[in-house]
$ cat final-v2.txt   # compact mmCIF, C-alpha atoms
# COMPACT_ATOMS: atom_id res chain seq x y z
CA MET A 1 15.22 3.16 10.50
CA ALA A 2 18.80 3.35 9.26
CA ALA A 3 18.91 0.37 6.91
CA PRO A 4 16.38 -1.99 5.32
CA GLN A 5 14.94 -4.41 7.86
CA ILE A 6 13.99 -6.93 5.20
CA ALA A 7 16.14 -9.59 3.65
CA ILE A 8 16.84 -9.18 -0.05
CA ASP A 9 18.01 -12.26 -1.92
CA VAL A 10 19.59 -11.67 -5.31
CA ASP A 11 19.72 -14.56 -7.77
CA PRO A 12 23.34 -14.66 -8.98
CA ASP A 13 22.34 -15.96 -12.41
CA THR A 14 19.38 -13.69 -13.22
CA GLY A 15 19.87 -10.69 -10.94
CA VAL A 16 16.23 -11.00 -9.78
CA TRP A 17 15.66 -9.63 -6.29
CA ARG A 18 13.39 -11.53 -3.88
CA THR A 19 12.07 -10.90 -0.39
CA ASP A 20 10.28 -13.77 1.33
CA GLY A 21 10.20 -15.54 -2.03
CA LEU A 22 8.44 -12.67 -3.86
CA GLU A 23 10.16 -11.05 -6.81
CA MET A 24 10.89 -7.38 -6.18
CA LEU A 25 12.00 -4.33 -8.17
CA TYR A 26 14.26 -1.57 -6.95
CA MET A 27 14.03 1.71 -8.85
CA PRO A 28 14.44 5.44 -8.36
CA ARG A 29 11.33 7.03 -6.85
CA HIS A 30 11.25 9.75 -9.51
CA PHE A 31 11.04 7.12 -12.26
CA PHE A 32 8.01 5.49 -10.67
CA LEU A 33 6.29 8.80 -9.92
CA ASN A 34 6.95 10.12 -13.43
CA LEU A 35 5.49 6.93 -14.91
CA LEU A 36 2.36 7.25 -12.78
CA ALA A 37 1.96 10.92 -13.71
CA GLU A 38 2.18 10.15 -17.44
CA VAL A 39 -0.40 7.36 -17.27
CA GLU A 40 -2.73 9.46 -15.12
CA GLY A 41 -2.40 12.34 -17.59
CA ALA A 42 -3.28 10.06 -20.49
CA GLN A 43 -6.19 8.28 -18.78
CA GLY A 44 -7.59 11.02 -16.60
CA ARG A 45 -7.43 11.08 -12.82
CA ASP A 46 -10.77 9.37 -12.08
CA ASP A 47 -10.27 6.40 -14.43
CA PHE A 48 -6.66 6.01 -13.35
CA ALA A 49 -7.60 6.13 -9.64
CA ARG A 50 -10.23 3.40 -10.19
CA ARG A 51 -7.73 1.16 -11.96
CA LEU A 52 -5.12 1.77 -9.27
CA TYR A 53 -7.71 0.91 -6.62
CA ASP A 54 -8.59 -2.39 -8.29
CA SER A 55 -5.01 -3.46 -8.99
CA GLY A 56 -3.82 -2.35 -5.56
CA HIS A 57 -6.66 -4.23 -3.86
CA ARG A 58 -5.81 -7.40 -5.77
CA SER A 59 -2.07 -7.05 -5.13
CA ALA A 60 -2.47 -6.46 -1.38
CA TYR A 61 -4.71 -9.51 -1.16
CA GLN A 62 -2.14 -11.65 -2.99
CA TRP A 63 0.71 -10.31 -0.84
CA CYS A 64 -1.14 -11.14 2.39
CA ALA A 65 -1.95 -14.66 1.20
CA HIS A 66 1.70 -15.25 0.34
CA GLN A 67 3.02 -13.76 3.58
CA ALA A 68 0.62 -15.77 5.74
CA GLY A 69 2.11 -18.91 4.22
CA VAL A 70 5.70 -17.73 4.62
CA THR A 71 5.46 -16.23 8.10
CA GLY A 72 2.77 -18.34 9.76
CA LEU A 73 0.96 -15.16 10.78
CA ALA A 74 -2.84 -15.10 10.78
CA GLY A 75 -5.69 -12.61 11.05
CA LEU A 76 -4.97 -8.97 11.71
CA ALA A 77 -1.32 -9.84 12.39
CA VAL A 78 -0.95 -10.30 8.61
CA PHE A 79 -2.51 -6.88 8.01
CA ARG A 80 -0.16 -5.26 10.54
CA HIS A 81 2.81 -7.08 8.96
CA TYR A 82 1.72 -5.65 5.60
CA LEU A 83 1.79 -2.11 6.96
CA ALA A 84 5.17 -2.72 8.59
CA ARG A 85 6.65 -4.01 5.34
CA LEU A 86 5.28 -1.04 3.38
CA SER A 87 6.94 1.24 5.93
CA GLN A 88 10.22 -0.66 5.63
CA ARG A 89 10.19 -0.38 1.83
CA GLY A 90 10.03 3.40 1.63
CA TRP A 91 6.39 3.92 0.65
CA GLY A 92 5.80 5.99 3.81
CA ARG A 93 5.18 5.43 7.51
CA PHE A 94 1.96 3.45 7.95
CA ASP A 95 -0.12 3.31 11.11
CA GLY A 96 -3.22 1.13 11.22
CA ALA A 97 -3.47 0.79 15.00
CA GLY A 98 -7.22 1.47 14.95
CA ILE A 99 -8.05 -1.21 12.36
CA ASP A 100 -10.27 -4.09 13.41
CA ALA A 101 -12.71 -6.46 11.70
CA THR A 102 -15.10 -3.57 11.00
CA GLY A 103 -12.46 -1.40 9.34
CA GLY A 104 -11.03 1.82 10.68
CA GLU A 105 -8.37 4.25 9.58
CA VAL A 106 -4.83 3.97 8.25
CA ARG A 107 -2.60 7.01 8.59
CA VAL A 108 0.39 7.52 6.31
CA ARG A 109 3.15 9.93 7.18
CA GLN A 110 6.02 10.74 4.83
CA SER A 111 4.12 9.31 1.86
CA CYS A 112 6.46 8.83 -1.08
CA PHE A 113 3.83 10.48 -3.29
CA VAL A 114 3.75 13.62 -1.17
CA LEU A 115 7.53 13.76 -0.74
CA GLY A 116 8.05 13.20 -4.47
CA ALA A 117 5.61 15.93 -5.50
CA GLU A 118 6.95 18.83 -3.44
CA GLY A 119 6.39 22.07 -5.29
CA GLY A 120 3.73 20.55 -7.56
CA PRO A 121 0.10 21.63 -7.79
CA PRO A 122 -2.00 21.25 -4.64
CA GLY A 123 -4.31 18.30 -4.16
CA ARG A 124 -4.37 14.73 -3.01
CA ARG A 125 -1.48 12.63 -4.20
CA CYS A 126 -1.90 9.27 -2.48
CA HIS A 127 -4.79 7.61 -4.32
CA LEU A 128 -2.50 4.70 -5.23
CA PHE A 129 -2.82 3.51 -1.61
CA ALA A 130 -6.64 3.56 -1.52
CA GLY A 131 -7.19 -0.06 -2.58
CA TRP A 132 -4.28 -1.53 -0.66
CA PHE A 133 -5.78 -1.43 2.82
CA PRO A 134 -9.22 -2.84 1.99
CA GLY A 135 -7.47 -5.52 -0.11
CA ALA A 136 -5.30 -6.58 2.81
CA LEU A 137 -8.25 -6.51 5.21
CA GLN A 138 -10.31 -8.48 2.69
CA TRP A 139 -7.72 -11.24 2.77
CA VAL A 140 -8.04 -11.36 6.57
CA ALA A 141 -11.84 -11.64 6.37
CA ASP A 142 -11.72 -14.34 3.69
CA ALA A 143 -9.08 -16.32 5.60
CA GLU A 144 -11.36 -16.22 8.64
CA ASP A 145 -14.45 -17.19 6.57
CA ARG A 146 -16.22 -13.93 7.35
CA ALA A 147 -18.74 -12.82 4.73
CA VAL A 148 -17.87 -9.14 4.51
CA ARG A 149 -16.51 -6.85 1.81
CA TYR A 150 -14.37 -3.79 2.42
CA SER A 151 -13.98 -0.49 0.66
CA GLY A 152 -11.52 2.28 1.26
CA ARG A 153 -11.01 5.90 0.37
CA GLU A 154 -8.57 8.67 1.02
CA VAL A 155 -10.15 11.27 3.29
CA ALA A 156 -7.14 13.57 3.79
CA CYS A 157 -3.71 14.02 2.23
CA ALA A 158 -0.57 15.59 3.63
CA ALA A 159 -0.18 17.30 0.24
CA GLU A 160 -3.23 19.37 1.24
CA GLY A 161 -1.54 20.47 4.46
CA HIS A 162 -2.78 17.73 6.80
CA ASP A 163 -0.39 16.14 9.29
CA ALA A 164 -0.80 12.77 7.53
CA CYS A 165 -2.65 11.08 4.71
CA ARG A 166 -5.69 9.28 6.07
CA PHE A 167 -7.59 6.39 4.55
CA ARG A 168 -10.92 5.18 5.86
CA ILE A 169 -11.67 1.48 5.44
CA ALA A 170 -15.20 0.25 6.04
CA ALA A 171 -17.17 -2.95 5.78
CA ALA A 172 -19.54 -2.52 2.86
$ encode --input "final-v2.txt" --output "structure tokens"
Amino acid sequence: MAAPQIAIDVDPDTGVWRTDGLEMLYMPRHFFLNLLAEVEGAQGRDDFARRLYDSGHRSAYQWCAHQAGVTGLAGLAVFRHYLARLSQRGWGRFDGAGIDATGGEVRVRQSCFVLGAEGGPPGRRCHLFAGWFPGALQWVADAEDRAVRYSGREVACAAEGHDACRFRIAAA
């Protein structure tokens, strides 16, 4: 991918960036990663990871609801669109080919959290993503009136030497 594959509309009066009608921010990766590291250091990793999970779950759900209305996509096509957009925005390269209504696995290569932490202490870096995939899949289930709840967890991270970060999503 040589250039962004998403349209960015900039309001000439306010300078606010939008994609598909959603307000966006553009910032240096190091700023975002430094901010996350400071908050995690102050809160502790476990509490911070739980809060990231909850907010990420909610945000993915909201994004999918909005995109379904804008694009006309439905079902798992919205989930796949979500992964494609994440990939196009520099978060990493997302592959959820094995995802279905029961869950499955999302693989992330070139995670921004792994790339931005080169030379840092070993350990998993990508817990911010953990709530995103079950949140997006939850939107699909709710839109299809299926009574199921999803959970997700990181089971491997490229920062630990794996070929990709892997997240397992399961119906709870």
$ residues_around --input "final-v2.txt" --residues "Met24 (chain A)" --least-positions-apart "2" --cutoff "12 Å" --atoms "all atoms listed in the file" --output "MDAnalysis selection string"
chainID A and resid 6:11 15:22 26:27 63 89
$ atom_distance --input "final-v2.txt" --atom1 "CA of Arg124 (chain A)" --atom2 "CA of Ala159 (chain A)"
5.9 Å
$ atom_distance --input "final-v2.txt" --atom1 "CA of Val39 (chain A)" --atom2 "CA of Arg51 (chain A)"
11.0 Å
$ atom_distance --input "final-v2.txt" --atom1 "CA of Asp54 (chain A)" --atom2 "CA of Ala171 (chain A)"
16.5 Å
$ residues_around --input "final-v2.txt" --residues "Val148 (chain A)" --least-positions-apart "5" --cutoff "12 Å" --atoms "all atoms listed in the file" --output "PyMOL selection string"
chain A and resi 101-103+134-135+137-143+170-172
$ closest_residue --input "final-v2.txt" --among "A:Arg149, A:Arg50, A:Arg29, A:Arg125" --to "Cys165 (chain A)" --atoms "only C-alpha atoms"
A:Arg125
$ residues_around --input "final-v2.txt" --residues "Leu115 (chain A)" --least-positions-apart "6" --cutoff "12 Å" --atoms "all atoms listed in the file" --output "PyMOL selection string"
chain A and resi 29-30+33+90-93+108-109+125-126+157-159+164-165
$ axis_aligned_box --input "final-v2.txt" --around "region 151-162 of chain A" --padding-each-side "6 Å" --output "AutoDock Vina command-line options"
--center_x -7.1 --center_y 10.0 --center_z 3.5 --size_x 25.8 --size_y 33.0 --size_z 18.6
$ closest_residue --input "final-v2.txt" --among "A:Phe167, A:Phe129, A:Ala49, A:Gln62" --to "Ile99 (chain A)" --atoms "all atoms listed in the file"
A:Phe167
$ residues_around --input "final-v2.txt" --residues "Leu36 (chain A)" --least-positions-apart "6" --cutoff "10 Å" --atoms "all atoms listed in the file" --output "short mmCIF file (atom, residue, chain, number, x, y, z; two decimals) with C-alpha atoms, in the coordinates of the input"
data_model
loop_
_atom_site.label_atom_id
_atom_site.label_comp_id
_atom_site.auth_asym_id
_atom_site.auth_seq_id
_atom_site.Cartn_x
_atom_site.Cartn_y
_atom_site.Cartn_z
CA HIS A 30 11.25 9.75 -9.51
CA ALA A 42 -3.28 10.06 -20.49
CA PHE A 48 -6.66 6.01 -13.35
CA LEU A 52 -5.12 1.77 -9.27
CA LEU A 128 -2.50 4.70 -5.23
#
$ residues_near_point --input "final-v2.txt" --point "(2.4, -5.5, 10.7)" --cutoff "12 Å" --atoms "only C-alpha atoms" --output "tab-separated table (two decimals) with C-alpha atoms, in the coordinates of the input"
chain	number	residue	atom	x	y	z
A	64	CYS	CA	-1.14	-11.14	2.39
A	67	GLN	CA	3.02	-13.76	3.58
A	68	ALA	CA	0.62	-15.77	5.74
A	71	THR	CA	5.46	-16.23	8.10
A	73	LEU	CA	0.96	-15.16	10.78
A	74	ALA	CA	-2.84	-15.10	10.78
A	75	GLY	CA	-5.69	-12.61	11.05
A	76	LEU	CA	-4.97	-8.97	11.71
A	77	ALA	CA	-1.32	-9.84	12.39
A	78	VAL	CA	-0.95	-10.30	8.61
A	79	PHE	CA	-2.51	-6.88	8.01
A	80	ARG	CA	-0.16	-5.26	10.54
A	81	HIS	CA	2.81	-7.08	8.96
A	82	TYR	CA	1.72	-5.65	5.60
A	83	LEU	CA	1.79	-2.11	6.96
A	84	ALA	CA	5.17	-2.72	8.59
A	85	ARG	CA	6.65	-4.01	5.34
A	86	LEU	CA	5.28	-1.04	3.38
A	87	SER	CA	6.94	1.24	5.93
A	88	GLN	CA	10.22	-0.66	5.63
A	93	ARG	CA	5.18	5.43	7.51
A	94	PHE	CA	1.96	3.45	7.95
A	95	ASP	CA	-0.12	3.31	11.11
A	96	GLY	CA	-3.22	1.13	11.22
A	97	ALA	CA	-3.47	0.79	15.00
A	99	ILE	CA	-8.05	-1.21	12.36
A	136	ALA	CA	-5.30	-6.58	2.81
$ closest_residue --input "final-v2.txt" --among "A:Thr14, A:Ser111, A:Gln5, A:Ser59" --to "Trp132 (chain A)" --atoms "only C-alpha atoms"
A:Ser59
$ closest_residue --input "final-v2.txt" --among "A:Gly56, A:Gly104, A:Gly116, A:Gly131" --to "Phe32 (chain A)" --atoms "all atoms listed in the file"
A:Gly116
